[in-house]
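Read the structure below first, then the notes.
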Amino acid sequence: MHLLEVSNPVAQQRGMLNILKPVKRPESLDGKIVGLIWSGTHGGDLALNRAGEMIQERYKNVSVNFYTGGHYPTPPAIVKQAAEECDVVIGATAD
């Protein structure tokens with residue numbers, strides 16, 4: 001008699017390993033500094049730049065800082081820098 005062992009081929013997602021609870025969202029982005037973090041994947045910079053433009057069109061006195069991580073996942077030092085320098089941070093990857 002043979003024993004068949006079945007394994008689950010689905011790996012745990014990377015994001016689930018280091019999950020963080022989001023902070024409370026501000027009521028408005030007026031007068032805030034928004035950080036845009038791009039990991040370097042194709043097209044992510046385009047999406048983030050457009051998001052930054054739309055935010056600046058919609059809210060008053062918004063500053064946008066763009067951060068490039070250079071590779072996926074974005075290095076923790078870049079994420080930390082953005083968190084320290086900005087009121088709100090948006091991260092994106094795209095392909």
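By convention in this document, the chains of the structure tokens carry letters A, B, ... by their order, each chain's residues are numbered from 1, and ligands are numbered from 1 in the order they are shown.
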
Query - All strand (DSSP E) positions in chain A, as a count of residues only - result: 17

Query - Residue nearest Val79 (chain A) among A:Asp45, A:Arg58, A:Trp38, A:Gly52 (counting only C-alpha atoms) - result: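 Of the candidates, the smallest distance to Val79 (chain A) is held by A:Trp38.
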
I want to know what sits within 9 Å of Thr74 (chain A), based on only C-alpha atoms, with residues of the same chain fewer than 6 positions away left out; could you give that as a PDB file with C-alpha atoms, in the first residue's frame?
```pdb
ATOM      1  CA  ILE A  37       6.452  55.058  -2.840  1.00  0.00           C
ATOM      2  CA  TRP A  38       7.317  53.201  -6.045  1.00  0.00           C
ATOM      3  CA  SER A  39       9.051  49.835  -5.872  1.00  0.00           C
ATOM      4  CA  GLY A  40      10.493  50.132  -9.378  1.00  0.00           C
ATOM      5  CA  THR A  68      11.860  55.167  -5.349  1.00  0.00           C
TER       6      THR A  68
END
```

Requested in this report: Write down as a list in words the residues belonging to chain A that are assigned helix (DSSP H, G or I) by DSSP computed on the backbone.
Outcome: Arg14, Gly15, Met16, Leu17, Gly44, Asp45, Leu46, Ala47, Leu48, Asn49, Arg50, Ala51, Gly52, Glu53, Met54, Ile55, Gln56, Glu57, Arg58, Pro76, Ala77, Ile78, Val79, Lys80, Gln81, Ala82, Ala83, Glu84 and Glu85 of chain A

So that I have them on file, write out the residues from the current selection with C-alpha atoms, as a JSON list (two decimals), in the first residue's frame.
```json
[["chain", "number", "residue", "atom", "x", "y", "z"],
["A", 14, "ARG", "CA", 4.55, 38.28, 1.68],
["A", 15, "GLY", "CA", 2.36, 41.13, 2.84],
["A", 16, "MET", "CA", 0.63, 38.87, 5.33],
["A", 17, "LEU", "CA", 3.92, 38.06, 7.04],
["A", 44, "GLY", "CA", 3.96, 51.89, -11.01],
["A", 45, "ASP", "CA", 5.59, 55.28, -11.38],
["A", 46, "LEU", "CA", 3.01, 56.33, -13.96],
["A", 47, "ALA", "CA", 0.13, 55.34, -11.69],
["A", 48, "LEU", "CA", 1.65, 57.11, -8.69],
["A", 49, "ASN", "CA", 2.45, 60.28, -10.63],
["A", 50, "ARG", "CA", -1.14, 60.45, -11.87],
["A", 51, "ALA", "CA", -2.47, 59.83, -8.35],
["A", 52, "GLY", "CA", -0.27, 62.68, -7.09],
["A", 53, "GLU", "CA", -1.60, 65.00, -9.81],
["A", 54, "MET", "CA", -5.20, 64.13, -8.98],
["A", 55, "ILE", "CA", -4.63, 64.67, -5.26],
["A", 56, "GLN", "CA", -3.10, 68.10, -5.93],
["A", 57, "GLU", "CA", -6.03, 69.02, -8.19],
["A", 58, "ARG", "CA", -8.57, 68.04, -5.55],
["A", 76, "PRO", "CA", 12.41, 49.27, 4.87],
["A", 77, "ALA", "CA", 14.64, 52.36, 5.13],
["A", 78, "ILE", "CA", 12.72, 54.03, 2.27],
["A", 79, "VAL", "CA", 9.37, 53.16, 3.85],
["A", 80, "LYS", "CA", 10.58, 54.53, 7.19],
["A", 81, "GLN", "CA", 11.85, 57.74, 5.60],
["A", 82, "ALA", "CA", 8.52, 58.32, 3.84],
["A", 83, "ALA", "CA", 6.58, 57.63, 7.05],
["A", 84, "GLU", "CA", 8.69, 60.15, 8.97],
["A", 85, "GLU", "CA", 8.52, 62.88, 6.32]]
```

Query raised in the report: In Å to one decimal, how far is CA of Ile33 (chain A) from CA of Asp87 (chain A)?
Result: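 According to the coordinates, CA of Asp87 (chain A) and CA of Ile33 (chain A) are separated by 5.3 Å.
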
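Shortest atom-to-atom contact with His71 (chain A) among A:Pro26, A:Tyr59, A:Cys86, A:His42: A:His42, counting only C-alpha atoms.
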
Report task. Go ahead and compute the interatomic distance for CA of Lys60 (chain A) and CA of Glu27 (chain A), in Å to one decimal. Result -> 13.3 Å

Asn61 (chain A): which residues within 8 Å, counting only C-alpha atoms, same-chain residues fewer than 4 positions away excluded, as a tab-separated table (two decimals) with N, CA and C atoms, in the first residue's frame?
```
chain	number	residue	atom	x	y	z
A	30	ASP	N	-6.04	68.39	2.68
A	30	ASP	CA	-5.67	69.80	2.60
A	30	ASP	C	-4.48	70.08	3.52
A	31	GLY	N	-3.44	70.70	2.95
A	31	GLY	CA	-2.27	71.09	3.74
A	31	GLY	C	-1.38	69.93	4.16
A	32	LYS	N	-1.60	68.75	3.64
A	32	LYS	CA	-0.81	67.58	4.04
A	32	LYS	C	0.35	67.33	3.08
A	56	GLN	N	-3.39	66.67	-5.94
A	56	GLN	CA	-3.10	68.10	-5.93
A	56	GLN	C	-4.20	68.92	-6.60
```

Query raised in the report: In Å, how far is it from CA of Val89 (chain A) to CA of Pro73 (chain A)?
Result: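 Computing it gives 15.4 Å between the two atoms.
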